[in-house]
$ cat model_11.txt   # compact mmCIF, C-alpha atoms
# COMPACT_ATOMS: atom_id res chain seq x y z
CA MET W 1 51.79 113.66 95.59
CA ARG W 2 51.98 117.08 93.95
CA PRO W 3 54.39 117.75 91.07
CA LYS W 4 57.96 118.73 91.88
CA PRO W 5 58.44 122.42 92.69
CA LEU W 6 60.16 123.17 89.36
CA HIS W 7 58.49 120.49 87.26
CA ASP W 8 57.57 122.87 84.42
CA ILE W 9 60.94 124.63 84.18
CA ARG W 10 63.48 123.86 81.45
CA VAL W 11 67.09 124.93 81.92
CA LEU W 12 69.85 125.05 79.30
CA ASP W 13 73.07 124.55 81.25
CA LEU W 14 76.33 125.61 79.61
CA THR W 15 78.42 125.61 82.79
CA ARG W 16 81.40 123.42 83.61
CA LEU W 17 83.17 122.14 86.71
CA LEU W 18 82.47 124.51 89.64
CA PRO W 19 80.42 126.45 90.44
CA GLY W 20 77.70 126.49 87.76
CA PRO W 21 76.92 122.77 87.80
CA VAL W 22 76.16 123.05 91.53
CA ALA W 23 73.57 125.76 90.83
CA THR W 24 71.92 123.69 88.11
CA LEU W 25 72.18 120.57 90.30
CA HIS W 26 69.91 122.26 92.85
CA LEU W 27 67.47 123.19 90.07
CA ALA W 28 67.49 119.64 88.70
CA ASP W 29 66.98 118.15 92.15
CA MET W 30 63.92 120.38 92.59
CA GLY W 31 62.45 119.01 89.37
CA ALA W 32 63.68 121.28 86.58
CA ASP W 33 64.49 119.65 83.25
CA VAL W 34 68.17 120.59 83.11
CA ILE W 35 69.85 119.97 79.75
CA LYS W 36 73.60 119.89 80.21
CA ILE W 37 75.13 121.15 76.98
CA GLU W 38 78.76 120.23 76.35
CA ASP W 39 80.96 120.84 73.33
CA THR W 40 81.72 117.99 70.96
CA GLY W 41 85.36 117.83 72.03
CA ALA W 42 86.46 117.23 75.61
CA GLY W 43 83.17 118.54 77.00
CA ASP W 44 83.03 119.42 80.68
CA TYR W 45 86.59 118.93 81.90
CA ALA W 46 85.21 117.80 85.24
CA ARG W 47 84.63 114.46 83.49
CA ALA W 48 88.36 113.80 83.60
CA MET W 49 89.14 115.08 87.11
CA GLY W 50 90.39 112.14 89.13
CA ARG W 51 89.62 108.53 88.33
CA ALA W 52 87.11 108.31 85.50
CA ARG W 53 84.70 105.45 84.88
CA GLU W 54 82.47 105.30 81.79
CA GLY W 55 83.59 108.78 80.80
CA MET W 56 82.80 110.28 84.20
CA SER W 57 84.89 111.16 87.24
CA GLY W 58 83.49 111.02 90.74
CA ILE W 59 83.05 114.79 90.97
CA PHE W 60 81.21 114.87 87.64
CA ARG W 61 78.78 112.23 88.90
CA LEU W 62 78.13 114.22 92.07
CA LEU W 63 77.43 117.47 90.21
CA ASN W 64 75.33 116.28 87.28
CA ARG W 65 72.71 113.82 88.48
CA ASN W 66 69.10 114.35 87.40
CA LYS W 67 70.25 116.14 84.22
CA ARG W 68 70.04 115.22 80.56
CA GLY W 69 73.09 115.46 78.32
CA LEU W 70 73.49 117.07 74.89
CA ARG W 71 76.71 117.57 72.93
CA LEU W 72 76.59 120.66 70.72
CA ASP W 73 79.21 122.63 68.78
CA LEU W 74 78.18 126.26 69.23
CA LYS W 75 80.99 127.44 66.95
CA GLN W 76 79.18 126.01 63.94
CA PRO W 77 76.18 127.92 62.54
CA ALA W 78 74.11 124.74 62.66
CA GLY W 79 74.98 124.30 66.32
CA ARG W 80 73.89 127.85 67.10
CA ASP W 81 70.65 127.21 65.21
CA VAL W 82 69.98 124.19 67.41
CA PHE W 83 70.59 126.28 70.52
CA LEU W 84 68.27 129.00 69.26
CA ARG W 85 65.51 126.45 68.69
CA LEU W 86 65.99 125.01 72.17
CA THR W 87 65.79 128.54 73.58
CA GLU W 88 62.27 128.96 72.22
CA ASP W 89 60.90 126.52 74.82
CA ALA W 90 63.44 127.14 77.59
CA ASP W 91 62.87 129.06 80.80
CA VAL W 92 66.45 129.53 81.98
CA ILE W 93 69.89 129.69 80.39
CA VAL W 94 72.94 129.43 82.63
CA GLU W 95 76.46 130.07 81.38
CA GLY W 96 79.82 130.51 83.06
CA PHE W 97 82.07 131.80 80.29
CA ARG W 98 84.10 134.97 80.48
CA PRO W 99 82.14 138.13 79.71
CA GLY W 100 81.43 138.58 76.02
CA VAL W 101 81.92 134.97 74.89
CA MET W 102 78.23 134.22 74.40
CA SER W 103 77.63 137.53 72.63
CA ARG W 104 80.45 136.81 70.20
CA LEU W 105 78.72 133.51 69.40
CA GLY W 106 75.51 135.43 68.68
CA LEU W 107 73.91 133.94 71.78
CA GLY W 108 73.90 136.89 74.17
CA TYR W 109 70.90 137.87 76.26
CA GLU W 110 69.50 140.46 73.84
CA SER W 111 69.56 138.00 70.95
CA LEU W 112 67.88 135.22 72.89
CA ALA W 113 65.33 137.49 74.57
CA ALA W 114 64.22 138.55 71.09
CA ILE W 115 63.33 134.90 70.44
CA ASN W 116 61.92 134.17 73.88
CA PRO W 117 61.03 137.34 75.87
CA ARG W 118 60.39 135.38 79.07
CA ILE W 119 63.85 133.79 79.15
CA VAL W 120 65.89 134.14 82.34
CA TYR W 121 69.53 134.36 81.35
CA CYS W 122 72.11 133.92 84.12
CA SER W 123 75.81 134.62 83.68
CA ILE W 124 78.13 133.41 86.44
CA SER W 125 81.63 134.89 86.45
CA GLY W 126 84.42 135.70 88.83
CA TYR W 127 84.17 139.48 88.74
CA GLY W 128 80.95 140.26 86.88
CA GLN W 129 80.09 141.52 83.42
CA ASP W 130 81.59 144.98 83.91
CA GLY W 131 84.31 146.71 85.89
CA PRO W 132 88.09 146.72 85.39
CA TYR W 133 88.51 143.06 86.40
CA ARG W 134 85.78 141.64 84.15
CA GLU W 135 88.24 139.84 81.82
CA ARG W 136 90.49 138.47 84.54
CA ALA W 137 90.79 134.77 85.24
CA GLY W 138 90.41 133.55 88.80
CA HIS W 139 89.31 130.86 91.19
CA ASP W 140 87.70 130.68 94.61
CA ILE W 141 90.89 131.69 96.44
CA ASN W 142 91.16 134.86 94.33
CA TYR W 143 87.55 135.95 94.78
CA VAL W 144 87.65 135.31 98.53
CA GLY W 145 90.85 137.33 98.68
CA TYR W 146 89.40 140.36 96.93
CA ALA W 147 86.25 140.25 99.09
CA GLY W 148 88.17 140.79 102.33
CA VAL W 149 87.24 137.32 103.55
CA GLY W 150 90.49 135.45 102.86
CA ASP W 151 92.34 137.85 105.14
CA GLN W 152 90.11 136.79 108.04
CA ILE W 153 90.52 133.01 107.71
CA GLY W 154 93.13 131.55 110.04
CA ALA W 155 94.37 131.54 113.61
CA GLU W 156 95.44 134.59 115.57
CA GLY W 157 99.01 135.50 114.73
CA GLY W 158 99.12 133.02 111.87
CA GLU W 159 99.05 133.23 108.10
CA PRO W 160 95.81 133.28 106.06
CA VAL W 161 94.54 129.73 105.58
CA VAL W 162 93.32 128.37 102.24
CA PRO W 163 89.72 127.29 102.96
CA ASN W 164 88.91 123.73 101.92
CA PHE W 165 85.26 124.73 101.55
CA GLN W 166 84.90 126.82 98.40
CA ILE W 167 83.17 129.89 99.80
CA ALA W 168 83.03 131.99 96.63
CA ASP W 169 82.21 129.04 94.38
CA LEU W 170 79.40 127.64 96.50
CA LEU W 171 77.97 130.77 98.12
CA GLY W 172 78.72 133.11 95.23
CA GLY W 173 78.59 130.87 92.20
CA ALA W 174 75.89 128.37 93.19
CA LEU W 175 73.44 129.60 95.83
CA THR W 176 73.44 133.24 94.77
CA PRO W 177 72.69 132.40 91.11
CA VAL W 178 69.90 130.04 92.20
CA MET W 179 68.41 132.86 94.27
CA GLY W 180 68.63 135.26 91.32
CA MET W 181 67.23 132.80 88.81
CA LEU W 182 64.27 131.83 90.98
CA ALA W 183 63.43 135.48 91.66
CA ALA W 184 63.58 136.24 87.94
CA LEU W 185 61.43 133.20 87.17
CA VAL W 186 58.74 134.38 89.58
CA ASP W 187 58.79 137.77 87.89
CA ALA W 188 58.70 136.21 84.41
CA LYS W 189 55.68 134.09 85.33
CA ALA W 190 53.83 137.23 86.42
CA SER W 191 55.00 139.69 83.77
CA GLY W 192 55.83 137.49 80.80
CA LYS W 193 59.24 139.11 80.59
CA GLY W 194 62.50 137.56 81.74
CA ARG W 195 65.64 139.20 83.05
CA TYR W 196 69.38 139.08 82.66
CA VAL W 197 70.98 137.89 85.91
CA ASP W 198 74.62 138.94 86.31
CA VAL W 199 76.32 137.15 89.22
CA SER W 200 79.87 137.90 90.30
CA MET W 201 81.35 135.40 92.74
CA THR W 202 83.44 138.18 94.22
CA ASP W 203 80.37 140.39 94.69
CA ALA W 204 78.41 137.61 96.36
CA THR W 205 81.22 136.81 98.79
CA PHE W 206 81.77 140.49 99.56
CA ALA W 207 78.03 141.00 100.19
CA HIS W 208 78.23 138.43 102.99
CA ALA W 209 81.43 139.70 104.64
CA LEU W 210 79.29 140.96 107.50
CA TRP W 211 81.47 140.15 110.50
CA PRO W 212 84.67 141.65 109.07
CA LEU W 213 82.69 144.81 108.25
CA PHE W 214 81.09 144.82 111.69
CA GLY W 215 84.55 144.60 113.25
CA LEU W 216 85.79 147.48 111.11
CA LEU W 217 82.83 149.68 112.00
CA GLU W 218 83.08 148.86 115.69
CA GLU W 219 86.85 149.19 116.09
CA GLY W 220 87.65 151.63 113.31
CA ARG W 221 90.12 149.21 111.70
CA THR W 222 90.16 145.78 110.11
CA PRO W 223 90.04 143.17 112.88
CA ALA W 224 93.10 140.98 113.26
CA ARG W 225 92.76 137.45 111.95
CA GLY W 226 91.40 135.00 114.52
CA THR W 227 90.42 137.63 117.07
CA THR W 228 86.78 138.41 116.35
CA ARG W 229 83.73 136.99 118.05
CA LEU W 230 83.19 134.20 115.53
CA SER W 231 86.76 133.57 114.39
CA GLY W 232 88.45 132.40 117.58
CA GLY W 233 88.69 135.49 119.76
CA LEU W 234 86.27 134.22 122.39
CA PRO W 235 86.90 131.22 124.67
CA CYS W 236 83.23 130.27 124.30
CA TYR W 237 83.44 129.90 120.51
CA GLY W 238 86.17 127.71 119.09
CA HIS W 239 87.71 124.27 118.67
CA TYR W 240 89.37 122.37 121.49
CA ALA W 241 91.55 119.27 121.06
CA THR W 242 90.72 116.05 122.88
CA SER W 243 93.09 113.39 124.19
CA ASP W 244 92.81 111.35 120.98
CA ALA W 245 93.80 114.30 118.75
CA ARG W 246 90.20 114.93 117.73
CA HIS W 247 88.29 118.15 118.42
CA MET W 248 85.14 119.50 120.01
CA ALA W 249 83.32 122.55 118.65
CA VAL W 250 82.29 124.94 121.42
CA GLY W 251 79.58 127.43 120.44
CA ALA W 252 78.35 128.62 123.83
CA LEU W 253 77.72 132.22 122.80
CA GLU W 254 74.67 132.87 124.95
CA PRO W 255 75.17 133.21 128.73
CA LYS W 256 72.88 130.29 129.58
CA PHE W 257 74.89 127.93 127.37
CA TRP W 258 78.21 129.13 128.75
CA GLN W 259 77.07 128.73 132.33
CA ALA W 260 75.77 125.22 131.62
CA LEU W 261 79.09 124.33 129.98
CA CYS W 262 81.13 125.63 132.91
CA GLU W 263 79.05 123.52 135.29
CA ALA W 264 79.39 120.43 133.10
CA LEU W 265 83.16 120.84 132.81
CA GLY W 266 83.63 121.44 136.53
CA CYS W 267 84.90 125.01 136.19
CA PRO W 268 82.13 127.21 137.61
CA GLU W 269 84.71 129.90 138.38
CA LEU W 270 84.76 130.70 134.64
CA LYS W 271 81.10 131.69 134.46
CA ASP W 272 81.95 135.38 134.63
CA GLU W 273 84.65 135.01 131.94
CA HIS W 274 82.21 134.62 129.07
CA LEU W 275 82.64 137.25 126.35
CA VAL W 276 86.28 138.09 127.05
CA TYR W 277 89.02 138.90 124.55
CA GLY W 278 92.78 139.17 124.34
CA SER W 279 94.87 138.74 127.47
CA ARG W 280 91.79 138.11 129.57
CA ALA W 281 90.68 135.32 127.21
CA ALA W 282 94.02 133.50 127.14
CA PRO W 283 93.81 131.80 130.58
CA VAL W 284 90.18 130.87 129.99
CA LYS W 285 91.08 129.20 126.69
CA ALA W 286 93.98 127.43 128.37
CA ARG W 287 91.72 126.11 131.14
CA LEU W 288 89.16 124.79 128.64
CA ALA W 289 91.92 123.29 126.50
CA ALA W 290 93.31 121.39 129.48
CA ILE W 291 89.89 120.05 130.42
CA PHE W 292 89.03 118.86 126.91
CA ALA W 293 92.49 117.33 126.49
CA SER W 294 91.84 115.07 129.49
CA HIS W 295 89.41 112.77 127.65
CA THR W 296 88.57 111.48 124.18
CA GLN W 297 86.19 113.06 121.73
CA GLN W 298 83.69 110.24 122.21
CA TYR W 299 83.72 110.80 125.96
CA TRP W 300 82.96 114.49 125.61
CA ALA W 301 80.42 113.96 122.83
CA GLU W 302 78.44 111.52 124.95
CA ARG W 303 78.73 113.53 128.14
CA LEU W 304 77.87 116.92 126.65
CA ALA W 305 75.08 115.63 124.41
CA LYS W 306 72.94 115.65 127.54
CA VAL W 307 73.86 119.25 128.38
CA ASP W 308 72.17 122.20 126.67
CA CYS W 309 75.39 124.05 125.91
CA CYS W 310 76.03 124.03 122.12
CA VAL W 311 79.07 121.75 122.17
CA THR W 312 79.46 119.07 119.51
CA PRO W 313 82.14 116.80 118.04
CA VAL W 314 83.99 117.86 114.90
CA LEU W 315 83.26 114.99 112.51
CA THR W 316 84.99 113.68 109.43
CA ILE W 317 82.90 113.38 106.26
CA GLU W 318 82.83 109.59 106.78
CA GLU W 319 81.30 110.14 110.21
CA SER W 320 78.88 112.77 108.91
CA LEU W 321 77.58 110.28 106.35
CA GLU W 322 76.66 107.98 109.25
CA ASN W 323 75.41 110.69 111.59
CA GLU W 324 72.00 109.89 113.05
CA GLN W 325 70.62 113.40 112.59
CA LEU W 326 71.68 113.69 108.95
CA ARG W 327 70.37 110.17 108.29
CA ALA W 328 67.07 110.99 109.97
CA ARG W 329 66.78 114.03 107.70
CA ALA W 330 67.38 111.79 104.66
CA MET W 331 70.44 113.83 103.72
CA VAL W 332 72.30 110.73 102.55
CA VAL W 333 71.04 108.78 99.56
CA GLU W 334 72.56 105.83 97.72
CA GLU W 335 73.40 105.66 94.04
CA ASN W 336 74.83 102.38 92.75
CA GLY W 337 75.99 101.52 96.24
CA SER W 338 77.75 104.83 96.84
CA PRO W 339 76.63 107.62 99.19
CA ARG W 340 75.39 110.89 97.76
CA LEU W 341 74.32 114.15 99.39
CA ALA W 342 70.62 114.93 99.08
CA LEU W 343 68.79 118.16 98.28
CA PRO W 344 68.98 120.26 101.49
CA VAL W 345 65.53 121.82 101.08
CA LYS W 346 62.52 119.85 102.30
CA PHE W 347 59.20 120.50 100.56
CA SER W 348 55.81 119.23 101.59
CA GLU W 349 54.38 116.58 99.28
CA PHE W 350 57.75 116.03 97.60
CA GLU W 351 60.30 113.33 98.24
CA PHE W 352 63.77 113.84 96.81
CA ALA W 353 65.24 111.08 94.66
CA ILE W 354 68.05 110.57 92.18
CA GLU W 355 65.96 109.69 89.15
CA ARG W 356 68.76 109.65 86.62
CA PRO W 357 72.54 109.39 87.01
CA ALA W 358 74.89 111.98 85.51
CA PRO W 359 74.67 111.73 81.70
CA ARG W 360 77.26 110.09 79.52
CA PRO W 361 78.65 112.44 76.82
CA GLY W 362 75.68 113.42 74.66
CA GLU W 363 73.57 110.61 76.10
CA HIS W 364 70.23 112.34 75.48
CA SER W 365 71.09 114.27 72.32
CA GLU W 366 68.57 112.54 70.06
CA GLU W 367 65.84 112.55 72.70
CA ILE W 368 66.26 116.31 73.28
CA LEU W 369 66.36 117.13 69.57
CA ARG W 370 63.29 115.04 68.80
CA THR W 371 61.41 116.96 71.50
CA ALA W 372 62.54 120.19 69.82
CA GLY W 373 61.00 119.04 66.53
CA TYR W 374 63.99 117.58 64.69
CA GLY W 375 63.38 114.56 62.49
CA ALA W 376 65.59 111.50 62.20
CA ASP W 377 67.23 112.70 58.96
CA GLU W 378 67.97 116.13 60.46
CA ILE W 379 69.53 114.56 63.54
CA ALA W 380 71.62 112.24 61.38
CA ALA W 381 72.84 115.23 59.36
CA LEU W 382 73.80 117.13 62.50
CA ARG W 383 75.71 114.11 63.71
CA SER W 384 77.53 113.64 60.41
CA GLN W 385 78.56 117.32 60.50
CA LYS W 386 79.79 116.82 64.08
CA VAL W 387 77.41 119.50 65.31
CA ILE W 388 76.18 117.07 67.96
$ encode --input "model_11.txt" --output "structure tokens"
Amino acid sequence: MRPKPLHDIRVLDLTRLLPGPVATLHLADMGADVIKIEDTGAGDYARAMGRAREGMSGIFRLLNRNKRGLRLDLKQPAGRDVFLRLTEDADVIVEGFRPGVMSRLGLGYESLAAINPRIVYCSISGYGQDGPYRERAGHDINYVGYAGVGDQIGAEGGEPVVPNFQIADLLGGALTPVMGMLAALVDAKASGKGRYVDVSMTDATFAHALWPLFGLLEEGRTPARGTTRLSGGLPCYGHYATSDARHMAVGALEPKFWQALCEALGCPELKDEHLVYGSRAAPVKARLAAIFASHTQQYWAERLAKVDCCVTPVLTIEESLENEQLRARAMVVEENGSPRLALPVKFSEFEFAIERPAPRPGEHSEEILRTAGYGADEIAALRSQKVI
């Protein structure tokens, strides 16, 4: 078995809650040595979200597996000195503070790059490191709103819906930073010089608002909510309720899938009513709705599984955890008897595993400091000064 893809990468993780810990979770799962650095007070406030056990809530456990934990007071000169020493051997630094916080601590990119020129320094923020909104507070709902995406989420004629999947946090604040950090790491390996990676969650969401922009360019105006090709405007792409108040997801966008679906549902007269909108779409949707409402979700799932038509059941997370496809792909792993979601990237000669649970507060402080060259007396002094 070859080493893990990121086995020689060390990451100093200063992020909290969402989205930063998700980005560093992916790095840790791919083999990076992620050192989660928390302050000596409350630490990552995700620890206390919901029911906590052994100093960790459920969400903290999900976000911080395969990481080591260090408590460090960066407001004390001795704490900053520790961070500077750790930076000498680090590859990546990830922080999610408001712009300017790290620089005021003397730990901005320019200062750390002077110590370690190959360092990749990633800042994750709501609006980016510059621009008129740089100092503003916000959350996923705000960033999605500014990006023109929140306006598009919801049913035709209805109000905007608050998404229960954090688009800006996970697309903008997790996957986009990982993409930027890995690109900068490749460059640093080749050139010996790192980069500053500035990620705005609003920018990243806006950069992927492709269908709203396509609708604007095609129609000359912002498309109405729930009327575009992939937001409910088409009969062949949407959710339909079943007799047991469950739903089926219909994604028959291509003609061959739509025709197969019409045959399977016993409505061949609808074959020519494929990519139709507005008043022409309404009776088609009503006909499909009536057909799906005549039987249970299980009935339709079993019947249409044999038809090549892109129709599937809408599952709950409990059902997804037991789904045969996700299980076959090893996307569910167990940790202390509880299900966890696995790394979604499959590498040859690498098998994903949870090798260490989320760290207790400062669990690996001494281990990390010893590796950085600190002796027992120095570590004891740092502890007595409440630096660690």
$ closest_residue --input "model_11.txt" --among "W:Gln129, W:Ile119, W:Ile317, W:Ala282" --to "Ser103 in chain W" --atoms "all atoms listed in the file"
W:Gln129
$ closest_residue --input "model_11.txt" --among "W:Asn116, W:Thr205, W:Thr40, W:Ser123" --to "Leu74 in chain W" --atoms "all atoms listed in the file"
W:Thr40
$ residues_around --input "model_11.txt" --residues "range 64-73 of chain W" --least-positions-apart "4" --cutoff "6 Å" --atoms "all atoms listed in the file" --output "PyMOL selection string"
chain W and resi 28+34-40+79+355-359+362-365+387-388
$ residues_around --input "model_11.txt" --residues "Leu27 in chain W" --least-positions-apart "6" --cutoff "12 Å" --atoms "all atoms listed in the file" --output "MDAnalysis selection string"
chainID W and resid 4:13 20:21 33:35 63:67 91:94 174:175 177:179 181:182 343:345
$ residues_around --input "model_11.txt" --residues "range 242-257 of chain W" --least-positions-apart "3" --cutoff "9 Å" --atoms "only C-alpha atoms" --output "MDAnalysis selection string"
chainID W and resid 234:239 260:262 271 274:275 289:297 300:301 307:315
$ residues_around --input "model_11.txt" --residues "range 188-199 of chain W" --least-positions-apart "6" --cutoff "8 Å" --atoms "all atoms listed in the file" --output "MDAnalysis selection string"
chainID W and resid 109 113 117:125 128:129 172:173 176:177 180:181
$ write_last_selection --input "model_11.txt" --atoms "C-alpha atoms" --output "tab-separated table (two decimals), in the coordinates of the input"
chain	number	residue	atom	x	y	z
W	109	TYR	CA	70.90	137.87	76.26
W	113	ALA	CA	65.33	137.49	74.57
W	117	PRO	CA	61.03	137.34	75.87
W	118	ARG	CA	60.39	135.38	79.07
W	119	ILE	CA	63.85	133.79	79.15
W	120	VAL	CA	65.89	134.14	82.34
W	121	TYR	CA	69.53	134.36	81.35
W	122	CYS	CA	72.11	133.92	84.12
W	123	SER	CA	75.81	134.62	83.68
W	124	ILE	CA	78.13	133.41	86.44
W	125	SER	CA	81.63	134.89	86.45
W	128	GLY	CA	80.95	140.26	86.88
W	129	GLN	CA	80.09	141.52	83.42
W	172	GLY	CA	78.72	133.11	95.23
W	173	GLY	CA	78.59	130.87	92.20
W	176	THR	CA	73.44	133.24	94.77
W	177	PRO	CA	72.69	132.40	91.11
W	180	GLY	CA	68.63	135.26	91.32
W	181	MET	CA	67.23	132.80	88.81
$ atom_distance --input "model_11.txt" --atom1 "CA of Leu265 in chain W" --atom2 "CA of Leu321 in chain W"
29.0 Å
$ atom_distance --input "model_11.txt" --atom1 "CA of Tyr127 in chain W" --atom2 "CA of Arg98 in chain W"
9.4 Å
$ residues_near_point --input "model_11.txt" --point "(92.0, 133.0, 112.2)" --cutoff "10 Å" --atoms "all atoms listed in the file" --output "list of chain:residue names"
W:Gly150, W:Asp151, W:Gln152, W:Ile153, W:Gly154, W:Ala155, W:Glu156, W:Gly157, W:Gly158, W:Glu159, W:Pro160, W:Val161, W:Ala224, W:Arg225, W:Gly226, W:Thr227, W:Thr228, W:Leu230, W:Ser231, W:Gly232, W:Gly233
